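Heads up, coords-v1.txt below (compact mmCIF, C-alpha atoms and all ligand atoms):
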```txt
# COMPACT_ATOMS: atom_id res chain seq x y z
CA MET A 1 -23.10 -41.76 -5.66
CA PRO A 2 -23.09 -38.04 -6.53
CA LYS A 3 -22.54 -37.31 -10.22
CA PRO A 4 -18.91 -36.34 -10.87
CA ILE A 5 -18.18 -32.73 -11.80
CA THR A 6 -16.76 -32.81 -15.30
CA CYS A 7 -17.13 -29.20 -16.43
CA ILE A 8 -18.38 -25.76 -15.39
CA GLU A 9 -21.82 -26.55 -16.82
CA ASP A 10 -22.21 -29.36 -14.24
CA LEU A 11 -21.62 -26.80 -11.50
CA ARG A 12 -24.09 -24.36 -13.05
CA LEU A 13 -26.86 -26.95 -13.16
CA LEU A 14 -26.24 -27.95 -9.56
CA ALA A 15 -26.14 -24.31 -8.44
CA ARG A 16 -29.44 -23.66 -10.20
CA ARG A 17 -31.01 -26.41 -8.11
CA ARG A 18 -29.50 -25.32 -4.81
CA VAL A 19 -29.44 -21.52 -4.80
CA PRO A 20 -32.65 -19.49 -4.29
CA ARG A 21 -33.93 -18.30 -7.64
CA MET A 22 -33.38 -14.62 -6.83
CA PHE A 23 -29.63 -15.09 -6.29
CA TYR A 24 -29.06 -17.66 -9.00
CA ASP A 25 -30.79 -15.29 -11.43
CA TYR A 26 -28.76 -12.34 -10.15
CA ALA A 27 -25.58 -14.16 -11.20
CA ASP A 28 -26.92 -15.72 -14.38
CA SER A 29 -28.22 -12.58 -16.05
CA GLY A 30 -27.19 -9.73 -18.29
CA ALA A 31 -28.64 -6.31 -18.98
CA TRP A 32 -31.81 -5.85 -21.08
CA THR A 33 -31.84 -8.38 -23.96
CA GLU A 34 -28.72 -10.13 -22.61
CA SER A 35 -27.16 -10.04 -26.09
CA THR A 36 -23.75 -8.96 -24.80
CA TYR A 37 -23.94 -11.48 -21.98
CA ARG A 38 -24.52 -14.25 -24.54
CA ALA A 39 -21.90 -12.87 -26.96
CA ASN A 40 -19.23 -13.05 -24.25
CA GLU A 41 -19.53 -16.85 -24.31
CA ALA A 42 -20.54 -17.36 -27.95
CA ASP A 43 -17.66 -15.37 -29.43
CA PHE A 44 -15.15 -17.73 -27.84
CA THR A 45 -16.64 -20.68 -29.69
CA ARG A 46 -15.85 -19.14 -33.08
CA ILE A 47 -12.12 -19.02 -32.35
CA LYS A 48 -10.41 -22.23 -33.40
CA LEU A 49 -7.29 -23.79 -31.93
CA ARG A 50 -4.49 -25.39 -33.95
CA GLN A 51 -3.92 -29.00 -32.96
CA ARG A 52 -0.23 -29.96 -33.02
CA VAL A 53 1.14 -33.48 -32.70
CA ALA A 54 4.29 -35.37 -31.83
CA VAL A 55 5.73 -32.68 -29.58
CA ASP A 56 7.31 -33.28 -26.19
CA MET A 57 4.57 -32.69 -23.62
CA THR A 58 6.56 -33.37 -20.45
CA ASP A 59 7.16 -30.78 -17.72
CA ARG A 60 4.31 -28.45 -18.45
CA SER A 61 3.93 -25.21 -16.52
CA LEU A 62 0.85 -23.08 -15.92
CA GLY A 63 2.55 -20.69 -13.49
CA SER A 64 2.58 -17.01 -14.43
CA THR A 65 2.25 -13.57 -12.89
CA MET A 66 -0.59 -11.06 -12.71
CA VAL A 67 0.35 -7.49 -11.73
CA GLY A 68 3.73 -8.85 -10.81
CA GLN A 69 2.31 -11.39 -8.36
CA LYS A 70 2.96 -15.10 -8.82
CA VAL A 71 -0.10 -17.14 -9.75
CA ALA A 72 -0.32 -20.94 -10.06
CA LEU A 73 -2.37 -20.40 -13.21
CA PRO A 74 -3.28 -17.12 -14.93
CA ILE A 75 -6.75 -16.89 -13.44
CA ALA A 76 -8.14 -14.62 -10.72
CA LEU A 77 -11.53 -14.79 -9.05
CA ALA A 78 -13.49 -11.75 -10.15
CA PRO A 79 -15.22 -9.35 -7.80
CA THR A 80 -18.88 -10.37 -7.78
CA GLY A 81 -21.62 -8.69 -5.76
CA LEU A 82 -23.62 -10.63 -3.16
CA THR A 83 -21.31 -13.64 -3.31
CA GLY A 84 -22.29 -14.49 0.26
CA MET A 85 -25.85 -14.99 -0.95
CA GLN A 86 -24.89 -17.78 -3.36
CA HIS A 87 -23.80 -19.71 -0.28
CA ALA A 88 -23.50 -18.74 3.38
CA ASP A 89 -20.13 -17.04 4.04
CA GLY A 90 -19.48 -17.26 0.29
CA GLU A 91 -16.65 -14.73 0.08
CA ILE A 92 -14.68 -16.43 2.85
CA LEU A 93 -15.15 -19.86 1.22
CA ALA A 94 -14.18 -18.62 -2.24
CA ALA A 95 -11.15 -16.77 -0.88
CA ARG A 96 -9.99 -19.92 0.89
CA ALA A 97 -10.39 -22.03 -2.25
CA ALA A 98 -8.45 -19.42 -4.25
CA GLU A 99 -5.69 -19.34 -1.65
CA LYS A 100 -5.33 -23.13 -1.73
CA ALA A 101 -5.22 -23.08 -5.54
CA GLY A 102 -2.63 -20.27 -5.63
CA VAL A 103 -4.77 -17.75 -7.51
CA PRO A 104 -5.95 -14.28 -6.44
CA PHE A 105 -9.38 -13.72 -4.96
CA THR A 106 -10.99 -10.31 -5.45
CA LEU A 107 -13.46 -9.10 -2.85
CA SER A 108 -16.25 -6.87 -4.16
CA THR A 109 -17.26 -3.63 -2.46
CA MET A 110 -20.76 -5.15 -2.62
CA SER A 111 -19.79 -8.29 -0.74
CA ILE A 112 -21.68 -9.86 2.13
CA CYS A 113 -18.57 -10.77 4.17
CA SER A 114 -16.53 -7.68 5.02
CA ILE A 115 -12.89 -6.96 4.16
CA GLU A 116 -11.91 -7.62 7.77
CA ASP A 117 -13.87 -10.86 7.87
CA VAL A 118 -12.19 -12.27 4.76
CA ALA A 119 -8.77 -11.17 6.03
CA ALA A 120 -9.40 -12.90 9.35
CA HIS A 121 -10.20 -16.19 7.63
CA THR A 122 -7.39 -16.28 5.05
CA THR A 123 -3.62 -15.93 5.07
CA ALA A 124 -2.81 -15.02 1.44
CA PRO A 125 -3.38 -11.37 0.56
CA PHE A 126 -6.47 -10.89 -1.59
CA TRP A 127 -7.45 -8.09 -3.99
CA PHE A 128 -10.14 -5.55 -3.21
CA GLN A 129 -12.53 -4.09 -5.77
CA LEU A 130 -13.66 -0.53 -5.33
CA TYR A 131 -16.81 1.22 -6.48
CA VAL A 132 -16.67 4.97 -6.15
CA MET A 133 -19.56 6.46 -4.22
CA ARG A 134 -20.64 10.04 -3.67
CA ASP A 135 -19.48 9.87 -0.07
CA ARG A 136 -15.73 10.33 -0.63
CA ASP A 137 -15.01 10.15 3.06
CA PHE A 138 -16.46 6.64 3.12
CA ILE A 139 -14.47 5.67 0.01
CA GLY A 140 -11.24 6.97 1.53
CA LYS A 141 -11.89 4.90 4.64
CA LEU A 142 -12.75 1.85 2.54
CA ILE A 143 -9.37 2.16 0.80
CA ASP A 144 -7.69 2.45 4.20
CA ARG A 145 -9.51 -0.68 5.37
CA ALA A 146 -8.27 -2.60 2.32
CA LYS A 147 -4.74 -1.41 3.11
CA ALA A 148 -5.06 -2.42 6.74
CA ALA A 149 -6.24 -5.87 5.62
CA ARG A 150 -3.03 -6.18 3.50
CA CYS A 151 -4.90 -6.42 0.20
CA SER A 152 -2.25 -6.68 -2.52
CA ALA A 153 -4.09 -4.93 -5.36
CA LEU A 154 -7.00 -2.53 -5.73
CA VAL A 155 -9.35 -3.20 -8.64
CA LEU A 156 -11.11 0.04 -9.54
CA THR A 157 -14.32 -0.57 -11.48
CA LEU A 158 -15.14 2.25 -13.89
CA ASP A 159 -18.13 0.81 -15.77
CA LEU A 160 -20.82 0.99 -13.11
CA GLN A 161 -21.63 4.56 -12.21
CA ILE A 162 -25.23 3.69 -12.88
CA LEU A 163 -26.67 0.19 -12.88
CA GLY A 164 -27.79 -1.53 -16.11
CA GLN A 165 -31.20 -3.12 -15.71
CA ARG A 166 -31.33 -6.89 -15.37
CA HIS A 167 -34.98 -7.78 -15.85
CA LYS A 168 -34.85 -10.88 -13.66
CA ASP A 169 -33.79 -8.82 -10.63
CA VAL A 170 -36.81 -6.55 -11.09
CA VAL A 171 -39.18 -9.49 -11.44
CA ASN A 172 -37.66 -11.33 -8.46
CA GLY A 173 -37.60 -8.23 -6.24
CA LEU A 174 -33.89 -8.83 -5.53
CA SER A 175 -33.00 -7.86 -1.98
CA THR A 176 -30.50 -9.04 0.56
CA PRO A 177 -31.56 -10.96 2.56
CA PRO A 178 -34.70 -11.94 0.58
CA LYS A 179 -37.97 -10.44 1.81
CA PRO A 180 -40.34 -13.07 3.26
CA THR A 181 -42.96 -12.77 0.52
CA PHE A 182 -45.13 -15.77 -0.35
CA ALA A 183 -43.21 -16.42 -3.61
CA ASN A 184 -39.83 -16.22 -1.85
CA LEU A 185 -40.90 -18.52 0.96
CA VAL A 186 -42.19 -21.10 -1.53
CA ASN A 187 -38.88 -20.97 -3.40
CA LEU A 188 -36.78 -21.09 -0.22
CA ALA A 189 -38.66 -24.19 0.92
CA THR A 190 -37.03 -26.04 -1.98
CA LYS A 191 -33.50 -24.94 -0.96
CA PRO A 192 -32.92 -26.57 2.46
CA ARG A 193 -29.09 -26.60 2.27
CA TRP A 194 -28.95 -22.91 1.48
CA CYS A 195 -31.39 -22.07 4.30
CA LEU A 196 -29.46 -24.17 6.79
CA GLY A 197 -26.24 -22.41 5.85
CA MET A 198 -27.84 -19.00 6.19
CA LEU A 199 -29.28 -19.87 9.59
CA GLY A 200 -25.75 -20.69 10.70
CA THR A 201 -24.22 -17.32 9.77
CA LYS A 202 -24.70 -13.73 10.79
CA ARG A 203 -23.39 -12.45 7.46
CA ARG A 204 -26.53 -11.54 5.55
CA SER A 205 -26.15 -7.95 4.38
CA PHE A 206 -23.49 -5.77 2.75
CA GLY A 207 -20.63 -6.26 5.20
CA ASN A 208 -18.44 -3.44 3.89
CA ILE A 209 -21.22 -0.89 4.09
CA VAL A 210 -23.56 -1.54 6.99
CA GLY A 211 -22.21 0.12 10.09
CA HIS A 212 -19.52 1.98 8.11
CA ALA A 213 -21.31 4.39 5.75
CA ALA A 214 -23.34 7.30 7.09
CA ASN A 215 -26.77 8.22 5.71
CA VAL A 216 -27.23 5.04 3.75
CA SER A 217 -30.84 3.98 3.51
CA ASN A 218 -32.43 0.96 1.86
CA VAL A 219 -29.22 -1.05 1.78
CA SER A 220 -31.14 -4.27 1.06
CA SER A 221 -31.99 -3.24 -2.50
CA LEU A 222 -28.97 -3.15 -4.77
CA SER A 223 -30.63 -1.05 -7.46
CA ALA A 224 -32.02 1.59 -5.09
CA TRP A 225 -28.76 1.66 -3.23
CA THR A 226 -26.53 2.15 -6.28
CA ALA A 227 -28.85 4.85 -7.61
CA GLU A 228 -28.57 6.66 -4.28
CA GLN A 229 -24.88 6.17 -3.50
CA PHE A 230 -22.78 5.51 -6.62
CA ASP A 231 -21.12 8.58 -8.05
CA PRO A 232 -22.32 9.45 -11.57
CA LYS A 233 -19.62 12.16 -11.76
CA LEU A 234 -16.71 9.71 -11.55
CA SER A 235 -13.97 10.78 -13.97
CA TRP A 236 -10.42 9.82 -14.98
CA ASP A 237 -9.14 12.51 -12.61
CA ASP A 238 -10.54 10.57 -9.66
CA VAL A 239 -8.16 7.71 -10.42
CA ARG A 240 -5.27 9.91 -9.27
CA TRP A 241 -6.52 10.61 -5.76
CA ILE A 242 -7.57 7.01 -5.38
CA LYS A 243 -4.04 5.91 -6.27
CA ASP A 244 -2.58 8.50 -3.87
CA ARG A 245 -4.73 7.22 -1.03
CA TRP A 246 -4.08 3.56 -1.92
CA GLY A 247 -0.40 3.64 -2.86
CA GLY A 248 -0.25 0.02 -4.09
CA LYS A 249 -0.98 -1.90 -7.30
CA LEU A 250 -3.96 -0.48 -9.14
CA ILE A 251 -6.03 -2.38 -11.71
CA ILE A 252 -8.51 -0.42 -13.85
CA LYS A 253 -11.56 -2.56 -14.67
CA GLY A 254 -14.20 -2.04 -17.33
CA ILE A 255 -12.22 -1.04 -20.42
CA LEU A 256 -13.86 -2.02 -23.71
CA ASP A 257 -12.73 0.68 -26.10
CA PRO A 258 -9.18 1.36 -27.39
CA GLU A 259 -9.53 5.06 -26.59
CA ASP A 260 -10.30 4.31 -22.95
CA ALA A 261 -7.44 1.81 -23.02
CA GLU A 262 -5.15 4.62 -24.19
CA GLN A 263 -6.31 6.67 -21.23
CA ALA A 264 -5.52 3.78 -18.88
CA ALA A 265 -2.10 3.37 -20.55
CA ARG A 266 -1.37 7.03 -19.89
CA LEU A 267 -2.14 6.45 -16.23
CA ALA A 268 0.31 3.57 -16.36
CA ASP A 269 2.92 5.80 -18.03
CA SER A 270 2.71 8.11 -15.01
CA GLY A 271 2.91 5.25 -12.52
CA ILE A 272 -0.74 5.40 -11.48
CA ALA A 273 -2.18 2.21 -12.99
CA ASP A 274 -0.61 -1.24 -13.27
CA ALA A 275 -3.15 -3.18 -15.32
CA LEU A 276 -6.46 -2.81 -17.09
CA VAL A 277 -9.25 -5.34 -17.36
CA VAL A 278 -11.01 -5.62 -20.71
CA SER A 279 -14.55 -6.07 -19.47
CA ASN A 280 -18.19 -5.30 -20.16
CA HIS A 281 -19.12 -6.28 -16.62
CA GLY A 282 -20.22 -9.72 -17.72
CA GLY A 283 -22.74 -8.20 -20.14
CA ARG A 284 -24.55 -6.70 -17.15
CA GLN A 285 -24.19 -3.04 -18.07
CA LEU A 286 -24.26 -1.84 -21.72
CA ASP A 287 -26.31 -4.40 -23.60
CA GLY A 288 -25.30 -4.18 -27.26
CA ALA A 289 -21.63 -3.61 -26.48
CA VAL A 290 -19.07 -5.96 -28.06
CA SER A 291 -18.01 -9.09 -26.25
CA SER A 292 -14.82 -8.88 -24.20
CA ILE A 293 -12.92 -11.35 -26.40
CA GLU A 294 -13.91 -9.36 -29.48
CA ALA A 295 -12.63 -6.15 -27.85
CA LEU A 296 -9.37 -7.64 -26.58
CA PRO A 297 -7.11 -7.57 -29.69
CA ALA A 298 -7.72 -3.89 -30.45
CA ILE A 299 -6.98 -2.96 -26.86
CA VAL A 300 -3.79 -5.01 -26.79
CA ALA A 301 -2.75 -3.33 -30.04
CA ALA A 302 -3.57 0.10 -28.63
CA VAL A 303 -1.58 -0.16 -25.42
CA GLY A 304 1.33 -2.41 -26.41
CA ASP A 305 3.46 -3.09 -23.38
CA ARG A 306 2.62 0.15 -21.58
CA ILE A 307 0.11 -1.56 -19.28
CA GLU A 308 -0.69 -5.16 -18.45
CA VAL A 309 -3.91 -6.34 -20.07
CA LEU A 310 -6.27 -8.72 -18.26
CA MET A 311 -9.77 -9.68 -19.38
CA ASP A 312 -13.05 -11.10 -18.13
CA GLY A 313 -16.37 -12.13 -19.61
CA GLY A 314 -17.56 -15.50 -20.88
CA ILE A 315 -14.77 -17.72 -19.54
CA ARG A 316 -16.32 -21.14 -18.98
CA SER A 317 -13.44 -23.45 -19.88
CA GLY A 318 -9.68 -23.78 -20.05
CA GLN A 319 -10.00 -23.49 -23.83
CA ASP A 320 -11.52 -20.03 -23.30
CA VAL A 321 -8.64 -19.10 -20.99
CA ILE A 322 -6.01 -20.08 -23.55
CA LYS A 323 -7.81 -18.18 -26.33
CA ALA A 324 -7.77 -15.02 -24.22
CA LEU A 325 -4.07 -15.52 -23.48
CA ALA A 326 -3.40 -16.12 -27.18
CA LEU A 327 -5.02 -12.79 -28.00
CA GLY A 328 -2.77 -10.95 -25.58
CA ALA A 329 -4.31 -11.12 -22.11
CA ARG A 330 -1.79 -11.74 -19.32
CA GLY A 331 -4.53 -13.42 -17.29
CA VAL A 332 -8.28 -13.68 -16.95
CA PHE A 333 -10.90 -13.20 -14.27
CA ILE A 334 -13.63 -15.75 -13.71
CA GLY A 335 -16.94 -14.62 -12.22
CA ARG A 336 -19.96 -16.81 -12.89
CA ALA A 337 -17.83 -19.94 -13.26
CA PHE A 338 -16.74 -19.79 -9.61
CA LEU A 339 -20.13 -18.56 -8.40
CA TYR A 340 -21.72 -21.69 -9.86
CA GLY A 341 -19.18 -23.79 -8.00
CA LEU A 342 -19.87 -21.90 -4.79
CA GLY A 343 -23.65 -22.21 -5.11
CA ALA A 344 -23.35 -25.89 -5.98
CA LEU A 345 -20.90 -27.12 -3.34
CA GLY A 346 -19.52 -24.24 -1.28
CA GLU A 347 -15.74 -24.09 -0.96
CA ALA A 348 -15.37 -27.54 -2.56
CA GLY A 349 -17.29 -26.26 -5.57
CA VAL A 350 -14.96 -23.30 -6.05
CA THR A 351 -12.04 -25.71 -5.81
CA ALA A 352 -13.77 -27.96 -8.36
CA CYS A 353 -14.22 -24.97 -10.68
CA ILE A 354 -10.54 -24.04 -10.52
CA ASP A 355 -9.55 -27.72 -10.94
CA VAL A 356 -11.71 -28.04 -14.05
CA LEU A 357 -10.19 -24.92 -15.59
CA ARG A 358 -6.65 -25.95 -14.63
CA LYS A 359 -6.97 -29.40 -16.21
CA GLU A 360 -8.63 -28.06 -19.34
CA LEU A 361 -6.01 -25.34 -19.72
CA ASP A 362 -3.17 -27.78 -19.19
CA VAL A 363 -4.39 -30.40 -21.69
CA THR A 364 -5.41 -27.76 -24.23
CA MET A 365 -1.99 -26.13 -24.04
CA ALA A 366 -0.27 -29.48 -24.55
CA LEU A 367 -2.47 -30.42 -27.50
CA CYS A 368 -1.67 -27.05 -29.06
CA GLY A 369 2.01 -28.01 -28.85
CA LEU A 370 3.14 -25.85 -25.91
CA ARG A 371 4.46 -26.59 -22.44
CA ASP A 372 4.64 -23.15 -20.83
CA VAL A 373 1.56 -20.98 -20.46
CA THR A 374 3.60 -17.76 -20.57
CA ARG A 375 4.58 -18.67 -24.13
CA VAL A 376 1.06 -18.88 -25.50
CA ASP A 377 0.50 -16.48 -28.37
CA ARG A 378 -1.84 -16.14 -31.31
CA ARG A 379 -0.04 -18.71 -33.40
CA ILE A 380 -1.99 -21.39 -31.52
CA LEU A 381 -5.12 -19.98 -33.21
CA VAL A 382 -6.35 -20.76 -36.70
CA GLU A 383 -5.81 -17.68 -38.85
CA GLY A 384 -9.08 -16.00 -39.80
CA THR A 385 -11.10 -17.39 -36.87
CA TYR A 386 -10.17 -14.79 -34.28
CA PRO A 387 -11.01 -11.08 -34.01
CA GLN A 388 -8.37 -8.67 -35.27
CA ALA A 389 -7.57 -5.20 -34.00
CA ALA A 390 -9.75 -2.71 -35.89
CA SER A 391 -7.74 -0.71 -38.40
CA ALA A 392 -6.36 2.66 -37.42
CA ALA A 393 -7.82 4.00 -40.64
CA ALA A 394 -11.31 3.20 -39.39
CA PHE A 395 -10.65 5.17 -36.25
CA GLU A 396 -9.16 8.10 -38.11
CA SER A 397 -12.27 8.34 -40.25
CA LEU A 398 -14.31 9.30 -37.16
CA PRO A 399 -15.47 12.91 -37.41
CA ALA A 400 -12.83 15.17 -35.88
CA SER A 401 -15.48 16.61 -33.56
CA LEU A 402 -16.09 13.20 -32.06
CA GLN A 403 -12.39 12.34 -31.79
CA GLY A 404 -11.73 15.55 -29.93
CA SER A 405 -14.60 15.04 -27.53
CA LEU A 406 -13.36 11.70 -26.31
CA PRO A 407 -10.97 11.49 -23.40
CA GLY A 408 -7.47 10.54 -24.39
CA SER A 409 -8.17 10.76 -28.15
CA SER A 410 -4.96 10.24 -29.99
CA PRO A 411 -5.76 8.42 -33.20
CA GLY A 412 -2.26 7.61 -34.29
CA SER A 413 -1.48 5.74 -31.14
CA THR A 414 -4.27 3.19 -31.32
CA GLN A 415 -2.32 0.87 -33.54
CA ARG A 416 0.91 0.50 -31.63
CA PRO A 417 1.90 -3.10 -32.14
CA ALA A 418 1.64 -5.27 -29.05
CA GLN A 419 5.04 -5.83 -27.52
CA ARG A 420 6.02 -9.18 -26.22
CA THR A 421 7.41 -10.17 -22.89
CA PRO A 422 11.06 -9.05 -22.86
CA GLY A 423 13.34 -11.89 -23.72
CA TYR A 424 10.51 -13.94 -25.13
CA ASP A 425 11.18 -15.31 -28.58
CA PRO A 426 7.82 -16.61 -29.79
CA LEU A 427 9.45 -18.85 -32.36
CA ALA A 428 11.42 -20.56 -29.64
CA ALA A 429 8.14 -21.26 -27.83
CA LEU A 430 6.98 -23.59 -30.53
CA PRO A 431 8.43 -26.82 -31.77
CA ALA A 432 10.23 -26.77 -35.09
CA GLY A 433 7.86 -26.57 -38.02
CA HIS A 434 5.10 -24.96 -35.98
C1 LIG B 1 -22.62 -5.42 -9.52
O1 LIG B 1 -21.43 -5.45 -9.59
C2 LIG B 1 -23.47 -6.10 -10.46
O2 LIG B 1 -23.04 -6.33 -11.59
O3 LIG B 1 -24.59 -6.44 -10.07
```
Translate the structure of the given file into structure tokens.
Ligand code: GLV
Amino acid sequence: MPKPITCIEDLRLLARRRVPRMFYDYADSGAWTESTYRANEADFTRIKLRQRVAVDMTDRSLGSTMVGQKVALPIALAPTGLTGMQHADGEILAARAAEKAGVPFTLSTMSICSIEDVAAHTTAPFWFQLYVMRDRDFIGKLIDRAKAARCSALVLTLDLQILGQRHKDVVNGLSTPPKPTFANLVNLATKPRWCLGMLGTKRRSFGNIVGHAANVSNVSSLSAWTAEQFDPKLSWDDVRWIKDRWGGKLIIKGILDPEDAEQAARLADSGIADALVVSNHGGRQLDGAVSSIEALPAIVAAVGDRIEVLMDGGIRSGQDVIKALALGARGVFIGRAFLYGLGALGEAGVTACIDVLRKELDVTMALCGLRDVTRVDRRILVEGTYPQAASAAAFESLPASLQGSLPGSSPGSTQRPAQRTPGYDPLAALPAGH
């Protein structure tokens, strides 16, 4: 009898057994000392929930919207590179599991299965994540391909113009597919399921790139390839032409600072952006940056209701999801959590991951005294245990020279109070005496 899956950690342990070390490590790693990677998870544990009793718990609802699209629960699958190396055809399997669960799947630019491939194997529109490369012609065509595949949102990642170093990738010689070195062959010999799956698929390199981009060499090595192709000159101005070419919903990913959030809100004011994602790229880029959950309240306070706020980083349970919602996120992205499910059990593992999070979110919400996930707010949290928005005074004390040099600096606006969903009376969301 296989051991039942009770939590995301069960999936992680199974994935660690089944996925070749190089790809398991690629997912389960952060930049340099991994302090931000660890903080993303650890900072959730400090936030405490208020247990409420003797409230009517019937007819609970987890349904919500993200960028105006209905979701069965406020979770989207994050864009993750090399997903098709955690399990053969990984992006197709994860997209199918997401579709069945009624949540969005986001395909990474750095996926193994191509945009067209995922579209051919799913019916629900998925989201496409874009990295901006030097070759603008290629990027324009990539956007057109996402449009042709009926993707319903474009997720533009702004925090990876250059790649943060993850030591394990250097040590493992990460490449896709793995090079047949002695160490790799020894490791692969212990992963028969993975090998069998890979023998049964042709999808083994970057499906969106190979055969589409001109003058791309060394596509098997992610680090060499990003160094060669990703555009270090990317700026806020680029967001405009990307929106013009795309025309649909645009989500800006990688915001960790209220000043950058203000910039994203300005893009929303002019109809360019629809949402931002508070993210430090899963702790994989700037090691030493604050955790996403720590950054969230100040960003929500900075942008108010001008732009929808989503977040990612460290979500390993439904309790984490509800804490992020309580601090003002409209929804969250899960990355590693679903990758562990995929590596462990393929499509069934991604389904198991979403099921675990759904059940945990549902029961947690009920035990906090609420029945509707769209009514979660910070009053379900114990005062003093959650991060607060930094004070405007602290920002204003920055040297004027620094304030002026930052894009979108406008000190007074960083403390706009978060606005609530129109028509939402938070007091009505809670039982009397809450
Ligand atoms: C790419 O998105 C990475 O974080 O490796």
Could you state the separation of CA of Ser220 (chain A) and CA of Phe128 (chain A) in Å, given to one decimal place?
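If I compute the distance from CA of Ser220 (chain A) to CA of Phe128 (chain A), I get 21.5 Å.
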Within-9 Å residues of ligand LIG 1 (chain B), basis all atoms listed in the file, as a ChimeraX atom specification
/A:26-27,30,79-82,108-110,131,157,160,163-164,166,222-223,281-285
I'd like the neighbourhood of Ser175 (chain A) as number ranges by chain, where a residue qualifies if any of its atoms comes within 12 Å (using all atoms listed in the file), though same-chain residues fewer than 5 positions away should be ignored.
A: 20-23, 26, 82, 85, 169-170, 180-181, 184, 204-206, 218-225
Just how far from CA of Ala264 (chain A) is CA of Ala119 (chain A), in Å to one decimal?
29.2 Å
Closest of A:Val350, A:Val67, A:Leu107, A:Trp32 to Leu276 (chain A), counting all atoms listed in the file, is A:Val67
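Across the structure, CA of Gly343 (chain A) and CA of Leu196 (chain A) are spaced 13.4 Å apart.
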Applying 10 Å and all atoms listed in the file, which residues near Thr83 (chain A) remain after dropping the ones on its own chain fewer than 5 positions away? List them as an mmCIF file with C-alpha atoms, in the coordinates of the input.
```cif
data_model
loop_
_atom_site.group_PDB
_atom_site.id
_atom_site.type_symbol
_atom_site.label_atom_id
_atom_site.label_comp_id
_atom_site.auth_asym_id
_atom_site.auth_seq_id
_atom_site.Cartn_x
_atom_site.Cartn_y
_atom_site.Cartn_z
ATOM 1 C CA PHE A 23 -29.630 -15.090 -6.290
ATOM 2 C CA ALA A 27 -25.580 -14.160 -11.200
ATOM 3 C CA ALA A 88 -23.500 -18.740 3.380
ATOM 4 C CA ASP A 89 -20.130 -17.040 4.040
ATOM 5 C CA GLY A 90 -19.480 -17.260 0.290
ATOM 6 C CA GLU A 91 -16.650 -14.730 0.080
ATOM 7 C CA ILE A 92 -14.680 -16.430 2.850
ATOM 8 C CA LEU A 93 -15.150 -19.860 1.220
ATOM 9 C CA ALA A 94 -14.180 -18.620 -2.240
ATOM 10 C CA LEU A 107 -13.460 -9.100 -2.850
ATOM 11 C CA SER A 108 -16.250 -6.870 -4.160
ATOM 12 C CA MET A 110 -20.760 -5.150 -2.620
ATOM 13 C CA SER A 111 -19.790 -8.290 -0.740
ATOM 14 C CA ILE A 112 -21.680 -9.860 2.130
ATOM 15 C CA CYS A 113 -18.570 -10.770 4.170
ATOM 16 C CA GLY A 335 -16.940 -14.620 -12.220
ATOM 17 C CA PHE A 338 -16.740 -19.790 -9.610
ATOM 18 C CA LEU A 339 -20.130 -18.560 -8.400
ATOM 19 C CA LEU A 342 -19.870 -21.900 -4.790
ATOM 20 C CA GLY A 343 -23.650 -22.210 -5.110
#
```
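Using only C-alpha atoms, the smallest distance between any of A:Ala273, A:Leu49, A:Ala101, A:Met66 and Ile354 (chain A) comes from A:Ala101.
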Considering all atoms listed in the file, can you say which of A:Val186, A:Ile242, A:Ile251, A:Val53 comes closest to Gly68 (chain A)?
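For Gly68 (chain A), the nearest of the given residues is A:Ile251.
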Which residue is closest to Gly197 (chain A)? Choose from A:Thr6, A:Gln51, A:Gln86, A:Thr374 and count all atoms listed in the file.
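Ranking A:Thr6, A:Gln51, A:Gln86, A:Thr374 by distance to Gly197 (chain A), first place goes to A:Gln86.
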Contacts of Val321 (chain A) at 12 Å or less, counting only C-alpha atoms, minus same-chain residues fewer than 4 places along, as a PyMOL selection string?
chain A and resi 41+44-45+47+49+62+73-76+293+310-317+325-334+354+356-362+364-365+373+376
Any idea what's packed within 7 Å of Ala268 (chain A), counting all atoms listed in the file, ignoring anything in its chain fewer than 5 positions away? Could you give it as a compact mmCIF listing (two decimals) with C-alpha atoms, in the frame of the given file?
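Done, and the output landed in part-v8.txt:
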```txt
# COMPACT_ATOMS: atom_id res chain seq x y z
CA ALA A 273 -2.18 2.21 -12.99
CA ASP A 274 -0.61 -1.24 -13.27
CA ARG A 306 2.62 0.15 -21.58
CA ILE A 307 0.11 -1.56 -19.28
```
Residue completion, region 299-304 of chain A, N, CA and C atoms, as a compact mmCIF listing (two decimals), keeping the file's coordinate frame:
```
# COMPACT_ATOMS: atom_id res chain seq x y z
N ILE A 299 -7.51 -3.61 -28.07
CA ILE A 299 -6.98 -2.96 -26.86
C ILE A 299 -5.51 -3.33 -26.65
N VAL A 300 -5.20 -4.59 -26.89
CA VAL A 300 -3.79 -5.01 -26.79
C VAL A 300 -2.95 -4.23 -27.80
N ALA A 301 -3.48 -4.08 -29.01
CA ALA A 301 -2.75 -3.33 -30.04
C ALA A 301 -2.60 -1.87 -29.64
N ALA A 302 -3.61 -1.33 -29.00
CA ALA A 302 -3.57 0.10 -28.63
C ALA A 302 -2.55 0.39 -27.54
N VAL A 303 -2.42 -0.50 -26.58
CA VAL A 303 -1.58 -0.16 -25.42
C VAL A 303 -0.19 -0.78 -25.48
N GLY A 304 0.00 -1.78 -26.35
CA GLY A 304 1.33 -2.41 -26.41
C GLY A 304 1.75 -2.91 -25.05
```
